[in-house]
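Enquirer: Just passing along the structure, written as structure tokens.
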Amino acid sequence: MKAAYVTERPSIGQLEDKIHLDSALPAPQASNIKPNEIIVQVKAFSINVDDMHIQEGSFLGGLPGMQSKESSSQNPLVIGSDFAGIITAVGDKVNKDKFKPGQRVCGMNHQQRLFSEKGTWAEQTVTLEKSIVPIPDEVSFRDAAAAVMPLFVIHGLLEVVQPKVKGKEKVVVIGASGGIGSMLIKMLRKVFADHDMHITGVCSGRNEKFVLGLGADQVVDYTKGPIEKALAGEDGTQVYDVVFDIVGGMESYNSAKAILRKNGRFITCVGPEAWIGDTMFSKYEQMSWVSKFLWHSIMNLVPGSHPYYHMVAPSELGKTTYQTAFESGIVPHIDKVVSFEDIDDFKEALKLVRSHRVKGKVVTELK
């Protein structure tokens, strides 16, 4: 089967130089799958920067157990986590009332050593019942594949904020034009349609019209200086209830502290280091990253004017969130669609995703 794979661990930023894209690997066979496994013919997948970090060993700064297994020429490793396609075979213990051959599904496999599930940048992949959701007929494979990672994260973000939303809310989304942030704005509009919610998107000025079109009430250009200068009240007061952080780093948190009301909520899916995974942490930096998270968790229990700090790290699909999005016609913006036929085009797509300059998602379609 055609697949994108590696035969050695790439250095950080070097996956593009080590990746293979050919038909050398064998396809999974129905006769060989475990009773709880499902084979999916992949029709589309998205390219996520985390997929690259996991292969390069720098995911979450290189935390042990959170990287892929080592690969070799004898044990090549297919890359990728999310996918959309058609079930071709199911194991004996799979619930046939829920999933059966011919069904359209999308889902996510976890390639970290802790899970060691199959890669998805291939014509076929093997997955589990808990890792997939049905795709309605009106949703394309392209859109479904693009939605998998954003909705996986958004489910965790909404779980934190949903019980706390009451009446009028003022919300900020930092990283509003990316794959997760852009879809988060749409989901906030849907889930809180009965609330008076004011949404501010933070992105570069070139994406202002795009983010306003998603449903944001206003946009702040982060390239023009600290966002709190544009968002604080007229007398410098704190006026926001929730800040969603899709970028990470102390700059985002410090800006949030300046604009969040007392008992406001800072909800991040990245943590105290911006663009985590772009570099490898030393042991000290790994300990520092973990300690910052633990410190914020402790401070959540201490009374005071500081905001509540929540780091979201989902591990399973929130299937109700997918159902809500698909039934409502909420799909991500797709910035680029890449063929699985040309390795040079595919490498350029990897570089684009790595740049953090994608507006929405980059998706690969298979014939």
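Ordering of the structure tokens sets the chain letters (A, B, ...), residue numbers begin anew at 1 in every chain, and ligands are numbered from 1 in the order given.
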Report as number ranges by chain: the residues of range 8-189 of chain A with a DSSP assignment of alpha helix (DSSP H), based on the backbone of this structure.

Expert: A: 15-18, 49-56, 141-161, 179-189

Enquirer: Can you list, as a list in words, every protein, DNA or RNA residue that comes within 6 Å of Thr125 in chain A when you count only C-alpha atoms, leaving out same-chain residues fewer than 4 positions away?

Expert: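 Here the answer would be Ile39, Val40 and Thr120 of chain A.
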
Enquirer: Would you mind exporting C-alpha atoms of the selected residues as a PDB file, in the first residue's frame?

Expert:
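part_23.pdb, freshly written:
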ATOM      1  CA  ILE A  39      -9.383  -1.799   9.062  1.00  0.00           C
ATOM      2  CA  VAL A  40     -10.178   1.501   7.346  1.00  0.00           C
ATOM      3  CA  THR A 120      -2.704   6.928   9.279  1.00  0.00           C
TER       4      THR A 120
END

Enquirer: For Gly201 in chain A, which of A:Met108, A:Ala258, A:Ile227, A:Ala349 is the closest residue, counting only C-alpha atoms?

Expert: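 Smallest distance to Gly201 in chain A is found for A:Ile227.
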
Enquirer: Using only C-alpha atoms, find the one residue out of A:Glu16, A:Asp97, A:Glu341, A:Glu208 that sits nearest to Val220 in chain A.

Expert: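 Of A:Glu16, A:Asp97, A:Glu341, A:Glu208, the one nearest Val220 in chain A is A:Glu208, counting only C-alpha atoms.
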
Enquirer: Could you list, as a PDB file with N, CA, C and O atoms, in the first residue's frame, every residue within 9 Å of Phe192 in chain A, counting only C-alpha atoms and ignoring same-chain residues fewer than 4 positions away?

Expert:
ATOM      1  N   GLN A 162     -18.220  24.817  29.710  1.00  0.00           N
ATOM      2  CA  GLN A 162     -19.678  24.702  29.539  1.00  0.00           C
ATOM      3  C   GLN A 162     -20.470  24.802  30.848  1.00  0.00           C
ATOM      4  O   GLN A 162     -21.469  25.526  30.915  1.00  0.00           O
ATOM      5  N   VAL A 165     -20.771  28.698  32.060  1.00  0.00           N
ATOM      6  CA  VAL A 165     -21.338  29.785  31.266  1.00  0.00           C
ATOM      7  C   VAL A 165     -22.753  30.091  31.730  1.00  0.00           C
ATOM      8  O   VAL A 165     -23.623  29.216  31.736  1.00  0.00           O
ATOM      9  N   MET A 187     -17.942  26.554  16.991  1.00  0.00           N
ATOM     10  CA  MET A 187     -18.577  25.701  17.987  1.00  0.00           C
ATOM     11  C   MET A 187     -19.124  26.508  19.156  1.00  0.00           C
ATOM     12  O   MET A 187     -20.182  26.182  19.710  1.00  0.00           O
ATOM     13  N   LEU A 188     -18.423  27.561  19.550  1.00  0.00           N
ATOM     14  CA  LEU A 188     -18.939  28.421  20.623  1.00  0.00           C
ATOM     15  C   LEU A 188     -20.262  29.051  20.211  1.00  0.00           C
ATOM     16  O   LEU A 188     -21.201  29.138  21.020  1.00  0.00           O
ATOM     17  N   ASP A 196     -25.750  35.259  25.521  1.00  0.00           N
ATOM     18  CA  ASP A 196     -25.221  36.514  24.976  1.00  0.00           C
ATOM     19  C   ASP A 196     -23.699  36.459  25.091  1.00  0.00           C
ATOM     20  O   ASP A 196     -23.121  36.898  26.076  1.00  0.00           O
ATOM     21  N   MET A 197     -23.066  35.877  24.076  1.00  0.00           N
ATOM     22  CA  MET A 197     -21.615  35.675  24.118  1.00  0.00           C
ATOM     23  C   MET A 197     -20.916  36.596  23.133  1.00  0.00           C
ATOM     24  O   MET A 197     -21.204  36.589  21.938  1.00  0.00           O
TER      25      MET A 197
END

Enquirer: Compile the contact shell of Cys269 in chain A as a ChimeraX atom specification: residues with an atom at most 12 Å away, counting only C-alpha atoms, same-chain residues fewer than 5 positions apart removed.

Expert: /A:60,149-150,152-158,160,173-175,180-181,243-249,252,274-276,293,309-314

Enquirer: Would you write out those residues with N, CA, C and O atoms, as a compact mmCIF listing (two decimals), in the first residue's frame?

Expert:
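Result written to selection25.txt:
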# COMPACT_ATOMS: atom_id res chain seq x y z
N LEU A 60 5.63 17.71 23.18
CA LEU A 60 5.65 18.21 24.56
C LEU A 60 7.09 18.41 25.05
O LEU A 60 7.40 18.17 26.22
N MET A 149 -8.85 16.49 14.48
CA MET A 149 -7.99 17.05 15.53
C MET A 149 -8.61 18.27 16.22
O MET A 149 -8.61 18.34 17.46
N PRO A 150 -9.16 19.25 15.47
CA PRO A 150 -9.80 20.37 16.16
C PRO A 150 -10.89 19.95 17.13
O PRO A 150 -10.95 20.43 18.27
N PHE A 152 -11.33 17.06 18.56
CA PHE A 152 -10.72 16.30 19.65
C PHE A 152 -10.31 17.25 20.78
O PHE A 152 -10.58 17.00 21.96
N VAL A 153 -9.66 18.36 20.41
CA VAL A 153 -9.21 19.34 21.41
C VAL A 153 -10.38 20.17 21.92
O VAL A 153 -10.51 20.43 23.13
N ILE A 154 -11.26 20.60 21.01
CA ILE A 154 -12.38 21.48 21.39
C ILE A 154 -13.29 20.80 22.40
O ILE A 154 -13.83 21.46 23.30
N HIS A 155 -13.48 19.50 22.27
CA HIS A 155 -14.31 18.79 23.25
C HIS A 155 -13.77 19.02 24.67
O HIS A 155 -14.54 19.29 25.60
N GLY A 156 -12.45 18.95 24.82
CA GLY A 156 -11.86 19.18 26.13
C GLY A 156 -12.02 20.61 26.60
O GLY A 156 -12.29 20.87 27.78
N LEU A 157 -11.88 21.57 25.69
CA LEU A 157 -12.05 22.98 26.04
C LEU A 157 -13.48 23.26 26.49
O LEU A 157 -13.70 23.97 27.48
N LEU A 158 -14.45 22.70 25.77
CA LEU A 158 -15.85 22.94 26.11
C LEU A 158 -16.24 22.28 27.42
O LEU A 158 -17.07 22.79 28.17
N VAL A 160 -14.54 22.12 30.05
CA VAL A 160 -14.14 22.99 31.15
C VAL A 160 -15.10 24.16 31.29
O VAL A 160 -15.54 24.51 32.39
N VAL A 173 -10.33 34.25 22.11
CA VAL A 173 -9.68 33.07 21.54
C VAL A 173 -8.33 33.51 20.99
O VAL A 173 -8.26 34.24 20.00
N ILE A 174 -7.25 33.09 21.64
CA ILE A 174 -5.89 33.40 21.17
C ILE A 174 -5.46 32.30 20.21
O ILE A 174 -5.39 31.13 20.57
N GLY A 175 -5.17 32.67 18.97
CA GLY A 175 -4.88 31.69 17.93
C GLY A 175 -6.14 31.39 17.14
O GLY A 175 -6.42 30.25 16.79
N ILE A 180 -7.60 24.77 15.05
CA ILE A 180 -8.41 24.59 16.26
C ILE A 180 -9.19 25.85 16.58
O ILE A 180 -10.40 25.83 16.80
N GLY A 181 -8.49 27.00 16.61
CA GLY A 181 -9.14 28.25 16.99
C GLY A 181 -10.28 28.64 16.07
O GLY A 181 -11.34 29.10 16.53
N VAL A 243 -10.60 33.13 28.62
CA VAL A 243 -9.61 33.22 27.55
C VAL A 243 -9.24 31.80 27.14
O VAL A 243 -8.78 31.00 27.98
N PHE A 244 -9.46 31.47 25.87
CA PHE A 244 -9.01 30.19 25.31
C PHE A 244 -7.66 30.43 24.64
O PHE A 244 -7.54 31.30 23.77
N ASP A 245 -6.68 29.64 25.01
CA ASP A 245 -5.33 29.79 24.47
C ASP A 245 -4.97 28.59 23.61
O ASP A 245 -4.84 27.48 24.11
N ILE A 246 -4.77 28.84 22.31
CA ILE A 246 -4.38 27.77 21.38
C ILE A 246 -2.92 27.91 20.99
O ILE A 246 -2.41 27.13 20.18
N VAL A 247 -2.23 28.89 21.52
CA VAL A 247 -0.84 29.18 21.15
C VAL A 247 0.14 28.73 22.23
O VAL A 247 1.17 28.14 21.95
N GLY A 248 -0.19 29.03 23.48
CA GLY A 248 0.69 28.67 24.58
C GLY A 248 1.69 29.76 24.92
O GLY A 248 1.82 30.76 24.21
N GLY A 249 2.39 29.57 26.04
CA GLY A 249 3.43 30.50 26.44
C GLY A 249 2.98 31.43 27.54
O GLY A 249 1.79 31.69 27.73
N SER A 252 0.87 34.66 26.55
CA SER A 252 -0.58 34.49 26.48
C SER A 252 -1.20 34.54 27.87
O SER A 252 -2.24 35.19 28.08
N ALA A 274 5.16 28.40 24.48
CA ALA A 274 4.56 28.64 23.16
C ALA A 274 5.13 27.66 22.13
O ALA A 274 6.32 27.34 22.15
N TRP A 275 4.25 27.19 21.24
CA TRP A 275 4.64 26.29 20.14
C TRP A 275 5.48 25.13 20.67
O TRP A 275 6.52 24.78 20.10
N ILE A 276 5.03 24.55 21.76
CA ILE A 276 5.77 23.45 22.37
C ILE A 276 5.94 22.32 21.36
O ILE A 276 5.00 21.96 20.63
N PHE A 293 2.83 23.81 35.40
CA PHE A 293 1.47 23.28 35.33
C PHE A 293 0.96 22.90 36.71
O PHE A 293 -0.18 23.22 37.09
N TYR A 309 -6.70 28.45 36.14
CA TYR A 309 -5.85 27.98 35.04
C TYR A 309 -6.20 26.53 34.75
O TYR A 309 -6.13 25.67 35.63
N HIS A 310 -6.59 26.27 33.52
CA HIS A 310 -6.95 24.91 33.12
C HIS A 310 -6.13 24.51 31.90
O HIS A 310 -6.15 25.21 30.88
N MET A 311 -5.43 23.39 31.99
CA MET A 311 -4.77 22.84 30.81
C MET A 311 -5.52 21.60 30.36
O MET A 311 -5.72 20.67 31.14
N VAL A 312 -5.94 21.62 29.12
CA VAL A 312 -6.75 20.53 28.57
C VAL A 312 -5.83 19.57 27.82
O VAL A 312 -5.06 19.97 26.95
N ALA A 313 -5.90 18.29 28.17
CA ALA A 313 -5.10 17.26 27.50
C ALA A 313 -6.00 16.05 27.24
O ALA A 313 -5.91 15.03 27.92
N PRO A 314 -6.89 16.14 26.26
CA PRO A 314 -7.83 15.04 26.00
C PRO A 314 -7.10 13.79 25.54
O PRO A 314 -6.03 13.86 24.93

Enquirer: For range 5-79 of chain A against range 113-119 of chain A, with a cut-off of 7 Å and counting only C-alpha atoms, what is the closest atom pair and its distance in Å to one decimal for every residue that makes the cut, ordered by chain and number, as CSV?

Expert:
residue,atom,partner,partner_atom,distance
A:Gly65,CA,A:Arg113,CA,5.5
A:Met66,CA,A:Arg113,CA,6.1
A:Gln67,CA,A:Arg113,CA,5.7
A:Ser68,CA,A:Arg113,CA,5.0
A:Lys69,CA,A:Arg113,CA,5.3
A:Val78,CA,A:Gly119,CA,4.7
A:Ile79,CA,A:Gly119,CA,4.7

Enquirer: How many Å separate CA of Glu169 in chain A from CA of His198 in chain A?

Expert: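 Between CA of Glu169 in chain A and CA of His198 in chain A the gap works out to 6.3 Å.
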
Enquirer: Which residues are close to range 42-46 of chain A, i.e. within 7 Å by only C-alpha atoms, leaving aside same-chain residues fewer than 2 positions away? Reply as an NGL selection string.

Expert: :A and (40 or 48 or 82-86 or 121-125 or 141-142 or 145-146 or 362-367)

Enquirer: DSSP says strand (DSSP E or B) for which residues of range 81-301 of chain A? Put them as a PyMOL selection string?

Expert: chain A and resi 82-90+104-108+122+124-128+132-134+169-174+178+197-203+218-221+240-245+260-268

Enquirer: Restricting the output to C-alpha atoms, write the selected residues as an mmCIF file, in the first residue's frame.

Expert:
data_model
loop_
_atom_site.group_PDB
_atom_site.id
_atom_site.type_symbol
_atom_site.label_atom_id
_atom_site.label_comp_id
_atom_site.auth_asym_id
_atom_site.auth_seq_id
_atom_site.Cartn_x
_atom_site.Cartn_y
_atom_site.Cartn_z
ATOM 1 C CA ASP A 82 -6.197 11.324 12.124
ATOM 2 C CA PHE A 83 -8.080 9.949 9.137
ATOM 3 C CA ALA A 84 -11.393 9.639 7.325
ATOM 4 C CA GLY A 85 -12.403 6.684 5.188
ATOM 5 C CA ILE A 86 -14.423 3.514 4.756
ATOM 6 C CA ILE A 87 -14.385 0.446 6.986
ATOM 7 C CA THR A 88 -13.248 -2.634 5.041
ATOM 8 C CA ALA A 89 -13.023 -5.211 7.840
ATOM 9 C CA VAL A 90 -13.869 -5.571 11.532
ATOM 10 C CA ARG A 104 -17.942 5.958 6.487
ATOM 11 C CA VAL A 105 -15.951 6.914 9.592
ATOM 12 C CA CYS A 106 -13.297 9.298 10.839
ATOM 13 C CA GLY A 107 -11.063 9.044 13.844
ATOM 14 C CA MET A 108 -7.730 9.356 15.573
ATOM 15 C CA ALA A 122 -1.458 5.525 4.286
ATOM 16 C CA GLN A 124 -5.176 1.771 4.883
ATOM 17 C CA THR A 125 -4.910 1.901 8.653
ATOM 18 C CA VAL A 126 -5.946 -0.219 11.613
ATOM 19 C CA THR A 127 -7.923 1.390 14.410
ATOM 20 C CA LEU A 128 -10.214 0.665 17.359
ATOM 21 C CA ILE A 132 -13.771 6.397 15.458
ATOM 22 C CA VAL A 133 -17.081 8.143 14.851
ATOM 23 C CA PRO A 134 -19.512 7.803 11.928
ATOM 24 C CA GLU A 169 -20.056 36.095 28.614
ATOM 25 C CA LYS A 170 -17.041 37.842 27.098
ATOM 26 C CA VAL A 171 -14.593 35.394 25.552
ATOM 27 C CA VAL A 172 -11.168 35.676 23.886
ATOM 28 C CA VAL A 173 -9.684 33.074 21.535
ATOM 29 C CA ILE A 174 -5.892 33.398 21.167
ATOM 30 C CA GLY A 178 -5.606 28.254 13.060
ATOM 31 C CA MET A 197 -21.615 35.675 24.118
ATOM 32 C CA HIS A 198 -19.156 38.253 22.814
ATOM 33 C CA ILE A 199 -16.163 36.620 21.101
ATOM 34 C CA THR A 200 -12.842 38.334 20.411
ATOM 35 C CA GLY A 201 -10.401 36.579 18.109
ATOM 36 C CA VAL A 202 -6.657 37.165 18.373
ATOM 37 C CA CYS A 203 -4.673 36.653 15.177
ATOM 38 C CA GLN A 218 -14.033 41.684 16.957
ATOM 39 C CA VAL A 219 -10.413 40.890 16.135
ATOM 40 C CA VAL A 220 -7.196 42.000 17.799
ATOM 41 C CA ASP A 221 -3.937 41.942 15.837
ATOM 42 C CA TYR A 240 -13.325 39.209 30.178
ATOM 43 C CA ASP A 241 -14.737 35.966 31.561
ATOM 44 C CA VAL A 242 -12.823 33.315 29.587
ATOM 45 C CA VAL A 243 -9.609 33.217 27.551
ATOM 46 C CA PHE A 244 -9.014 30.192 25.315
ATOM 47 C CA ASP A 245 -5.330 29.794 24.469
ATOM 48 C CA LEU A 260 -9.767 38.418 33.001
ATOM 49 C CA ARG A 261 -12.226 39.306 35.733
ATOM 50 C CA LYS A 262 -11.777 37.878 39.208
ATOM 51 C CA ASN A 263 -12.499 34.133 38.997
ATOM 52 C CA GLY A 264 -12.160 34.285 35.213
ATOM 53 C CA ARG A 265 -10.868 31.203 33.421
ATOM 54 C CA PHE A 266 -7.727 30.722 31.344
ATOM 55 C CA ILE A 267 -8.105 27.511 29.334
ATOM 56 C CA THR A 268 -5.132 26.302 27.305
#

Enquirer: Out of A:Pro76, A:Gly179, A:Gly271, A:Gly13, which residue has the shortest atom-to-atom distance to Leu25 in chain A when counting only C-alpha atoms?

Expert: A:Pro76

Enquirer: Excluding same-chain residues fewer than 4 positions from Gly61 in chain A, what lies within 9 Å of it counting only C-alpha atoms, as a list of chain:residue names?

Expert: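 Everything that qualifies: A:His53, A:Gly57, A:Ile276, A:Gly277, A:Asp278, A:Thr279, A:Met280, A:Phe281, A:Ser282, A:Glu285, A:Gln286, A:Trp289.
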
Enquirer: Save the residues we just selected, N, CA, C and O atoms, as a short mmCIF file (atom, residue, chain, number, x, y, z; two decimals), in the first residue's frame?

Expert:
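See selection_34.cif below for the written result:
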data_model
loop_
_atom_site.label_atom_id
_atom_site.label_comp_id
_atom_site.auth_asym_id
_atom_site.auth_seq_id
_atom_site.Cartn_x
_atom_site.Cartn_y
_atom_site.Cartn_z
N HIS A 53 6.07 16.34 15.38
CA HIS A 53 6.81 16.38 16.64
C HIS A 53 6.93 14.98 17.25
O HIS A 53 7.99 14.62 17.81
N GLY A 57 10.50 13.16 18.07
CA GLY A 57 10.83 12.97 19.48
C GLY A 57 10.74 14.22 20.33
O GLY A 57 11.22 14.24 21.46
N ILE A 276 5.03 24.55 21.76
CA ILE A 276 5.77 23.45 22.37
C ILE A 276 5.94 22.32 21.36
O ILE A 276 5.00 21.96 20.63
N GLY A 277 7.12 21.77 21.30
CA GLY A 277 7.43 20.72 20.33
C GLY A 277 8.34 21.20 19.23
O GLY A 277 8.98 20.40 18.54
N ASP A 278 8.41 22.52 19.02
CA ASP A 278 9.31 23.05 17.99
C ASP A 278 10.77 22.90 18.41
O ASP A 278 11.67 22.95 17.56
N THR A 279 11.01 22.75 19.71
CA THR A 279 12.37 22.53 20.21
C THR A 279 12.34 21.41 21.24
O THR A 279 11.29 21.06 21.78
N MET A 280 13.51 20.84 21.49
CA MET A 280 13.63 19.79 22.49
C MET A 280 14.01 20.40 23.83
O MET A 280 14.94 21.20 23.92
N PHE A 281 13.28 20.05 24.87
CA PHE A 281 13.58 20.55 26.20
C PHE A 281 14.75 19.76 26.82
O PHE A 281 14.89 18.55 26.59
N SER A 282 15.53 20.44 27.61
CA SER A 282 16.47 19.74 28.47
C SER A 282 15.68 19.10 29.61
O SER A 282 14.49 19.38 29.79
N GLU A 285 14.30 21.81 31.67
CA GLU A 285 13.16 22.49 31.04
C GLU A 285 11.91 21.62 31.11
O GLU A 285 10.80 22.14 31.27
N GLN A 286 12.07 20.30 30.98
CA GLN A 286 10.92 19.41 31.13
C GLN A 286 10.34 19.49 32.54
O GLN A 286 9.13 19.60 32.71
N TRP A 289 8.55 22.82 32.95
CA TRP A 289 7.25 22.84 32.28
C TRP A 289 6.21 22.14 33.15
O TRP A 289 5.11 22.65 33.36
#

Enquirer: Taking into account only C-alpha atoms, which residue in the set A:Gln323, A:Ser177, A:Asn36, A:Gln111 is nearest to Asp335 in chain A?

Expert: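 Looking only at the distances to Asp335 in chain A, the closest residue turns out to be A:Ser177.
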
Enquirer: Between A:His20, A:Lys351, A:Lys130, A:Arg206, which is the closest to Ala3 in chain A once you count only C-alpha atoms?

Expert: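 Of all the options, A:His20 lies closest to Ala3 in chain A.
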
Enquirer: State, in Å with one decimal place, the distance from CA of Ile47 in chain A to CA of Val6 in chain A.

Expert: 15.5 Å

Enquirer: I need the residue nearest Lys292 in chain A from this list: A:Ile259, A:Leu15, A:Met250, A:Met1. Use only C-alpha atoms for the distance.

Expert: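 With only C-alpha atoms as the atom set, the closest residue is A:Met250.
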